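Novice: My structure is stored as query_26.txt, with compact mmCIF, C-alpha atoms.
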```txt
# COMPACT_ATOMS: atom_id res chain seq x y z
CA MET A 232 14.03 -6.20 -25.80
CA PHE A 233 13.76 -6.49 -22.02
CA ALA A 234 15.31 -9.41 -20.16
CA ASP A 235 12.23 -9.74 -17.93
CA ARG A 236 9.74 -7.57 -16.06
CA ARG A 237 12.22 -6.61 -13.32
CA ASP A 238 14.68 -5.42 -15.98
CA ALA A 239 11.89 -3.45 -17.67
CA GLY A 240 11.05 -1.84 -14.34
CA ARG A 241 14.62 -0.71 -13.77
CA GLN A 242 14.74 0.85 -17.22
CA LEU A 243 11.36 2.50 -16.73
CA ALA A 244 12.49 3.94 -13.39
CA ALA A 245 15.25 5.84 -15.17
CA ALA A 246 12.61 7.69 -17.19
CA LEU A 247 10.75 8.56 -13.97
CA ARG A 248 13.75 9.84 -12.00
CA SER A 249 12.21 13.32 -11.66
CA TYR A 250 9.73 11.80 -9.19
CA ALA A 251 12.41 10.25 -6.95
CA GLY A 252 12.55 11.14 -3.27
CA ARG A 253 9.18 12.87 -3.13
CA GLY A 254 6.84 12.13 -0.27
CA ASP A 255 3.67 12.53 -2.33
CA VAL A 256 4.33 9.80 -4.92
CA LEU A 257 2.37 6.54 -4.99
CA VAL A 258 3.20 3.74 -7.43
CA LEU A 259 0.22 1.60 -8.41
CA ALA A 260 0.80 -1.53 -10.49
CA LEU A 261 -1.74 -3.54 -12.45
CA PRO A 262 -1.51 -7.18 -11.33
CA ARG A 263 -0.27 -9.53 -12.08
CA GLY A 264 2.37 -8.63 -14.68
CA GLY A 265 2.67 -4.98 -13.76
CA VAL A 266 3.74 -5.71 -10.19
CA PRO A 267 7.37 -6.81 -10.84
CA VAL A 268 7.75 -3.72 -13.05
CA GLY A 269 6.18 -1.48 -10.43
CA TYR A 270 8.32 -2.98 -7.68
CA GLU A 271 11.52 -1.85 -9.36
CA VAL A 272 10.09 1.60 -10.09
CA ALA A 273 8.92 2.10 -6.51
CA HIS A 274 12.27 0.90 -5.18
CA ALA A 275 14.21 3.32 -7.39
CA LEU A 276 11.95 6.27 -6.56
CA GLY A 277 11.73 5.54 -2.84
CA ALA A 278 7.95 5.45 -3.11
CA PRO A 279 5.28 3.10 -1.71
CA LEU A 280 3.92 0.37 -3.97
CA ASP A 281 0.39 -0.94 -4.12
CA ILE A 282 -1.91 -2.54 -6.67
CA PHE A 283 -4.81 -1.29 -8.70
CA ILE A 284 -6.92 -4.09 -10.04
CA VAL A 285 -8.44 -4.04 -13.49
CA ARG A 286 -9.93 -7.00 -15.32
CA LYS A 287 -10.34 -7.40 -19.03
CA LEU A 288 -13.84 -8.12 -20.32
CA GLY A 289 -13.17 -10.94 -22.76
CA VAL A 290 -15.51 -11.80 -25.60
CA PRO A 291 -17.22 -15.05 -24.42
CA PHE A 292 -16.41 -17.06 -27.55
CA GLN A 293 -12.94 -15.49 -27.91
CA PRO A 294 -11.70 -14.70 -24.38
CA GLU A 295 -8.37 -13.24 -25.47
CA LEU A 296 -10.18 -10.49 -27.38
CA ALA A 297 -11.10 -7.59 -25.09
CA MET A 298 -14.50 -5.99 -25.46
CA GLY A 299 -13.64 -3.69 -22.55
CA ALA A 300 -12.46 -3.70 -18.95
CA VAL A 301 -13.70 -3.10 -15.42
CA ALA A 302 -11.74 -1.57 -12.53
CA SER A 303 -11.97 -1.22 -8.78
CA GLY A 304 -14.81 1.13 -8.00
CA GLY A 305 -17.06 -0.30 -10.70
CA VAL A 306 -15.69 1.80 -13.56
CA ARG A 307 -16.17 0.17 -16.95
CA VAL A 308 -14.62 0.87 -20.32
CA VAL A 309 -16.31 -0.73 -23.34
CA ASN A 310 -14.62 -1.15 -26.71
CA SER A 311 -17.52 -0.01 -28.86
CA ASP A 312 -15.83 -1.12 -32.09
CA VAL A 313 -15.50 -4.73 -30.91
CA VAL A 314 -19.00 -4.77 -29.42
CA SER A 315 -20.65 -3.45 -32.59
CA GLN A 316 -18.62 -5.57 -35.01
CA LEU A 317 -19.42 -8.78 -33.12
CA GLY A 318 -23.00 -7.85 -32.20
CA ILE A 319 -22.45 -8.34 -28.48
CA SER A 320 -25.54 -7.55 -26.40
CA SER A 321 -25.60 -5.40 -23.27
CA GLN A 322 -26.79 -8.48 -21.35
CA VAL A 323 -23.62 -10.37 -22.28
CA ILE A 324 -21.49 -7.41 -21.22
CA GLU A 325 -23.30 -7.28 -17.86
CA GLN A 326 -22.79 -11.00 -17.26
CA VAL A 327 -19.08 -10.90 -18.03
CA ALA A 328 -18.59 -7.71 -16.01
CA ALA A 329 -20.34 -9.19 -12.96
CA GLU A 330 -17.96 -12.17 -12.96
CA GLU A 331 -14.90 -9.97 -13.31
CA GLU A 332 -16.07 -7.67 -10.50
CA LYS A 333 -16.20 -10.73 -8.23
CA GLU A 334 -12.63 -11.54 -9.22
CA ILE A 335 -11.53 -7.97 -8.44
CA ALA A 336 -12.98 -8.28 -4.93
CA ARG A 337 -11.24 -11.65 -4.45
CA ARG A 338 -7.87 -10.37 -5.57
CA GLU A 339 -8.06 -7.23 -3.46
CA GLN A 340 -8.66 -9.38 -0.38
CA HIS A 341 -5.97 -11.89 -1.33
CA TYR A 342 -3.19 -9.49 -2.29
CA ARG A 343 -3.68 -6.98 0.50
CA ALA A 344 -4.57 -9.48 3.23
CA GLY A 345 -7.52 -7.34 4.24
CA GLN A 346 -5.63 -4.04 4.35
CA PRO A 347 -7.34 -1.01 2.80
CA ALA A 348 -6.11 0.57 -0.40
CA PRO A 349 -3.84 3.61 0.09
CA PRO A 350 -5.48 6.97 -0.65
CA ALA A 351 -4.71 8.51 -4.03
CA ALA A 352 -6.30 11.92 -3.43
CA GLY A 353 -3.83 14.77 -3.68
CA ARG A 354 -0.91 12.50 -4.57
CA ILE A 355 1.16 11.92 -7.68
CA VAL A 356 0.03 8.49 -8.83
CA ILE A 357 2.24 6.53 -11.22
CA LEU A 358 0.19 3.79 -12.84
CA ILE A 359 2.25 0.91 -14.23
CA ASP A 360 1.80 -2.21 -16.33
CA ASP A 361 4.25 -4.47 -18.18
CA GLY A 362 3.01 -3.29 -21.59
CA LEU A 363 -0.03 -2.20 -23.55
CA ALA A 364 -1.68 -3.50 -26.69
CA THR A 365 -5.24 -2.15 -26.97
CA GLY A 366 -4.91 -0.20 -23.71
CA SER A 367 -8.49 -0.88 -22.57
CA THR A 368 -7.31 -2.13 -19.18
CA MET A 369 -5.15 0.93 -18.56
CA ARG A 370 -7.91 3.29 -19.69
CA ALA A 371 -10.27 1.74 -17.15
CA ALA A 372 -7.66 2.11 -14.42
CA ALA A 373 -6.95 5.74 -15.31
CA ARG A 374 -10.63 6.67 -15.34
CA ALA A 375 -11.27 4.95 -12.03
CA LEU A 376 -8.29 6.69 -10.43
CA ARG A 377 -9.42 10.08 -11.70
CA LEU A 378 -12.47 9.70 -9.46
CA GLN A 379 -10.10 9.67 -6.46
CA GLN A 380 -8.74 13.11 -7.49
CA PRO A 381 -4.98 12.56 -7.56
CA ALA A 382 -2.85 15.69 -7.93
CA ARG A 383 -1.21 14.17 -11.01
CA LEU A 384 -1.76 10.92 -12.87
CA VAL A 385 1.17 9.37 -14.74
CA VAL A 386 0.85 6.27 -16.92
CA ALA A 387 4.19 4.52 -17.41
CA VAL A 388 4.91 1.30 -19.31
CA PRO A 389 7.99 -0.32 -20.87
CA VAL A 390 6.39 -1.05 -24.25
CA ALA A 391 3.15 -0.27 -26.08
CA THR A 392 1.69 0.56 -29.45
CA ALA A 393 2.21 4.15 -30.50
CA GLN A 394 -1.53 4.69 -30.98
CA THR A 395 -2.38 3.38 -27.53
CA CYS A 396 0.16 5.71 -25.92
CA GLU A 397 -1.26 8.63 -27.84
CA ASP A 398 -4.84 7.74 -26.88
CA LEU A 399 -3.91 7.54 -23.20
CA ARG A 400 -2.82 11.17 -23.21
CA ASN A 401 -6.53 11.97 -22.99
CA GLU A 402 -6.74 10.01 -19.72
CA ALA A 403 -3.51 10.93 -17.89
CA ASP A 404 -1.46 14.05 -17.21
CA GLU A 405 1.67 12.32 -18.47
CA VAL A 406 2.27 9.15 -20.48
CA ILE A 407 5.66 7.44 -20.63
CA CYS A 408 6.17 4.57 -23.08
CA LEU A 409 9.82 3.53 -23.30
CA ALA A 410 9.33 1.71 -26.60
CA THR A 411 6.64 1.89 -29.28
CA PRO A 412 7.87 -0.66 -31.83
CA GLU A 413 6.17 -1.39 -35.12
CA PRO A 414 4.84 -3.82 -36.10
CA PHE A 415 3.39 -4.68 -32.71
CA TYR A 416 1.79 -8.10 -32.28
CA ALA A 417 1.93 -8.78 -28.53
CA VAL A 418 3.56 -7.38 -25.39
CA GLY A 419 5.38 -10.65 -24.72
CA GLN A 420 7.38 -10.51 -27.94
CA TRP A 421 9.48 -7.68 -26.46
CA TYR A 422 10.60 -9.73 -23.43
CA HIS A 423 13.12 -12.57 -23.38
CA ASP A 424 11.34 -13.95 -20.29
CA PHE A 425 7.61 -13.27 -20.17
CA GLY A 426 6.54 -16.08 -17.88
CA GLN A 427 3.30 -15.68 -15.98
CA THR A 428 3.49 -13.77 -12.70
CA SER A 429 1.86 -15.77 -9.91
CA ASP A 430 -0.40 -14.56 -7.12
CA GLU A 431 2.30 -15.60 -4.65
CA GLU A 432 4.92 -13.48 -6.39
CA VAL A 433 2.56 -10.50 -6.28
CA ARG A 434 2.08 -10.93 -2.53
CA GLU A 435 5.81 -11.40 -1.93
CA LEU A 436 6.70 -8.25 -3.85
CA LEU A 437 4.05 -6.19 -2.07
CA THR A 438 5.30 -7.47 1.29
CA ALA A 439 8.91 -6.70 0.37
CA ALA A 440 7.97 -3.24 -0.88
CA GLY A 441 6.04 -2.52 2.30
CA ALA A 442 9.03 -3.50 4.42
CA ARG A 443 11.39 -0.98 2.85
CA SER A 444 9.12 1.81 1.50
CA PRO A 445 7.67 4.88 3.22
CA ALA A 446 4.27 4.31 4.80
CA SER A 447 1.52 4.48 2.21
```
With the file now loaded, output its structure as structure tokens.
Specialist:
Amino acid sequence: MFADRRDAGRQLAAALRSYAGRGDVLVLALPRGGVPVGYEVAHALGAPLDIFIVRKLGVPFQPELAMGAVASGGVRVVNSDVVSQLGISSQVIEQVAAEEEKEIARREQHYRAGQPAPPAAGRIVILIDDGLATGSTMRAAARALRLQQPARLVVAVPVATAQTCEDLRNEADEVICLATPEPFYAVGQWYHDFGQTSDEEVRELLTAAGARSPAS
């Protein structure tokens, strides 16, 4: 159990200590929940922190169920099993994806206050979230980041299903999952405090990280 996301980030940072003090490391967190985790990791490693936005593609009549995800740069990951089992048409996928792409653009503007994203090419990118269930969001992020040609791509999370961690090894150079408990019902069950992270908290943490981290 983790006390909260900040506690999870401090514990995750210990597993990433080999990347501390390097000038080529960039920590990218998936907002909103990944940002408090990523903040602690970036602080411990002495690395810059930024966001990488990915949005789940929820099934229209069951929004909590992911039929895929879309990431910055227009990369999409579709869960073919969910799509085929529920008979979801390509038109429905396009409609949901278009809405989520608008939200990605809005959040990028809001969180960064108009500043450009830091370059990932040639850098060690550590991609962080607060936990993984199906992993569709993280897979979309990893595939989108691969297009930017980082020198090394590391996926690091406090808790996830064992199968999801194993699957992600096909997308990243290194995968770190602190805990892979079974049975696994939801990420939030492994946190004492799993309250929603607000947009304002994301902005405050990014501002604080920018004030004390190396230039990104």
Novice: Nearest to Tyr342 (chain A) among A:Arg248, A:Arg263, A:His274, A:Arg253, with distances taken over only C-alpha atoms: which residue is it?
Specialist: A:Arg263
Novice: Using all atoms listed in the file, pick whichever of A:Gln242, A:Thr368, A:Gln394, A:Gln326 has the shortest atom-to-atom distance to Ala260 (chain A).
Specialist: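 Ranked by minimum distance to Ala260 (chain A), first place goes to A:Thr368.
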Novice: May I have the residues within 7 Å of Arg286 (chain A) as a PDB file with C-alpha atoms, in the coordinates of the input, using all atoms listed in the file and disregarding those fewer than 6 positions away in the same chain?
Specialist:
```
ATOM      1  CA  ALA A 300     -12.460  -3.700 -18.950  1.00  0.00           C
ATOM      2  CA  VAL A 301     -13.700  -3.100 -15.420  1.00  0.00           C
ATOM      3  CA  ALA A 302     -11.740  -1.570 -12.530  1.00  0.00           C
ATOM      4  CA  GLU A 331     -14.900  -9.970 -13.310  1.00  0.00           C
ATOM      5  CA  THR A 368      -7.310  -2.130 -19.180  1.00  0.00           C
TER       6      THR A 368
END
```
Novice: Pick from A:Arg338, A:Arg383, A:Arg307, A:Arg236: nearest to Ala352 (chain A), with all atoms listed in the file counted?
Specialist: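 Of all the options, A:Arg383 lies closest to Ala352 (chain A).
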Novice: Closest to Ala373 (chain A) among A:Ile324, A:Leu317, A:Val285, A:Leu409, using all atoms listed in the file?
Specialist: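 For Ala373 (chain A), the nearest of the given residues is A:Val285.
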Novice: In Å to one decimal, how far is CA of Ala391 (chain A) from CA of Thr365 (chain A)?
Specialist: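 Separating CA of Thr365 (chain A) from CA of Ala391 (chain A) is a distance of 8.6 Å.
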Novice: Hey, what's within 9 Å of Ala417 (chain A) if we count all atoms listed in the file and toss same-chain stuff fewer than 5 positions away? As a short mmCIF file (atom, residue, chain, number, x, y, z; two decimals) with C-alpha atoms, in the frame of the given file, please?
Specialist:
```cif
data_model
loop_
_atom_site.label_atom_id
_atom_site.label_comp_id
_atom_site.auth_asym_id
_atom_site.auth_seq_id
_atom_site.Cartn_x
_atom_site.Cartn_y
_atom_site.Cartn_z
CA GLY A 362 3.01 -3.29 -21.59
CA LEU A 363 -0.03 -2.20 -23.55
CA ALA A 364 -1.68 -3.50 -26.69
CA ALA A 391 3.15 -0.27 -26.08
#
```
Novice: Hey, what's within 12 Å of Arg237 (chain A) if we count all atoms listed in the file and toss same-chain stuff fewer than 4 positions away? As a list in words, please?
Specialist: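 In the requested form, the answer reads Phe233, Arg241, Gln242, Leu243, Ala244, Gly264, Gly265, Val266, Pro267, Val268, Gly269, Tyr270, Glu271, Val272, Ala273, His274, Ala275, Asp360, Asp361, Pro389, Tyr422, His423, Asp424, Phe425, Gly426, Thr428 and Leu436 of chain A.
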Novice: Taking into account only C-alpha atoms, which residue in the set A:Asn310, A:Gln346, A:Ser315, A:His341 is nearest to Glu431 (chain A)?
Specialist: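 Under the stated criterion, the closest residue is A:His341.
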Novice: Rank A:Pro414, A:Thr438, A:Trp421, A:Pro294 by their smallest atom-to-atom distance to Asp238 (chain A), using only C-alpha atoms, and report the top residue only.
Specialist: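 Of A:Pro414, A:Thr438, A:Trp421, A:Pro294, the one nearest Asp238 (chain A), counting only C-alpha atoms, is A:Trp421.
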Novice: Select, counting only C-alpha atoms, all protein, DNA and RNA residues no farther than 9 Å from (-15.7, 2.4, -8.0) in file coordinates, and express the selection as a PyMOL selection string.
Specialist: chain A and resi 302-306+375-376+378
Novice: Could those residues be written to a file, using C-alpha atoms, as a tab-separated table (two decimals), in the coordinates of the input?
Specialist:
```tsv
chain	number	residue	atom	x	y	z
A	302	ALA	CA	-11.74	-1.57	-12.53
A	303	SER	CA	-11.97	-1.22	-8.78
A	304	GLY	CA	-14.81	1.13	-8.00
A	305	GLY	CA	-17.06	-0.30	-10.70
A	306	VAL	CA	-15.69	1.80	-13.56
A	375	ALA	CA	-11.27	4.95	-12.03
A	376	LEU	CA	-8.29	6.69	-10.43
A	378	LEU	CA	-12.47	9.70	-9.46
```
Novice: As JSON, numbers by chain, please: the residues near Glu330 (chain A) (cut-off 12 Å, only C-alpha atoms, same-chain neighbours under 3 positions excluded).
Specialist: {"A": [286, 287, 288, 289, 291, 300, 301, 323, 324, 325, 326, 327, 333, 334, 335, 336, 337]}
Novice: So how far away is CA of Ala246 (chain A) from CA of Ala371 (chain A), in Å?
Specialist: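 These two atoms are separated by 23.6 Å.
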Novice: Set the distance at 8 Å and use only C-alpha atoms: which residues neighbour Val309 (chain A) once local chain neighbours fewer than 3 positions away are removed? I'd like the list as a list in words.
Specialist: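 Non-adjacent residues within range: Met298, Gly299, Ala300, Val314 and Ser367 of chain A.
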Novice: Please return the centre and edge lengths, in Å to one decimal, of a box with edges along x, y and z that contains all listed atoms of region 310-321 of chain A, widened by 5 Å on every side, as AutoDock Vina command-line options.
Specialist:
```
--center_x -20.1 --center_y -4.4 --center_z -29.1 --size_x 21.0 --size_y 18.8 --size_z 21.7
```
Novice: Which polymer residues, whether protein, DNA or RNA, lie within 10 Å of the coordinate (-2.0, 9.5, -21.8) when you count only C-alpha atoms? List them as JSON, numbers by chain, using the chain letters and numbers from the file.
Specialist: {"A": [369, 370, 373, 384, 385, 386, 387, 395, 396, 397, 398, 399, 400, 401, 402, 403, 404, 405, 406, 407, 408]}
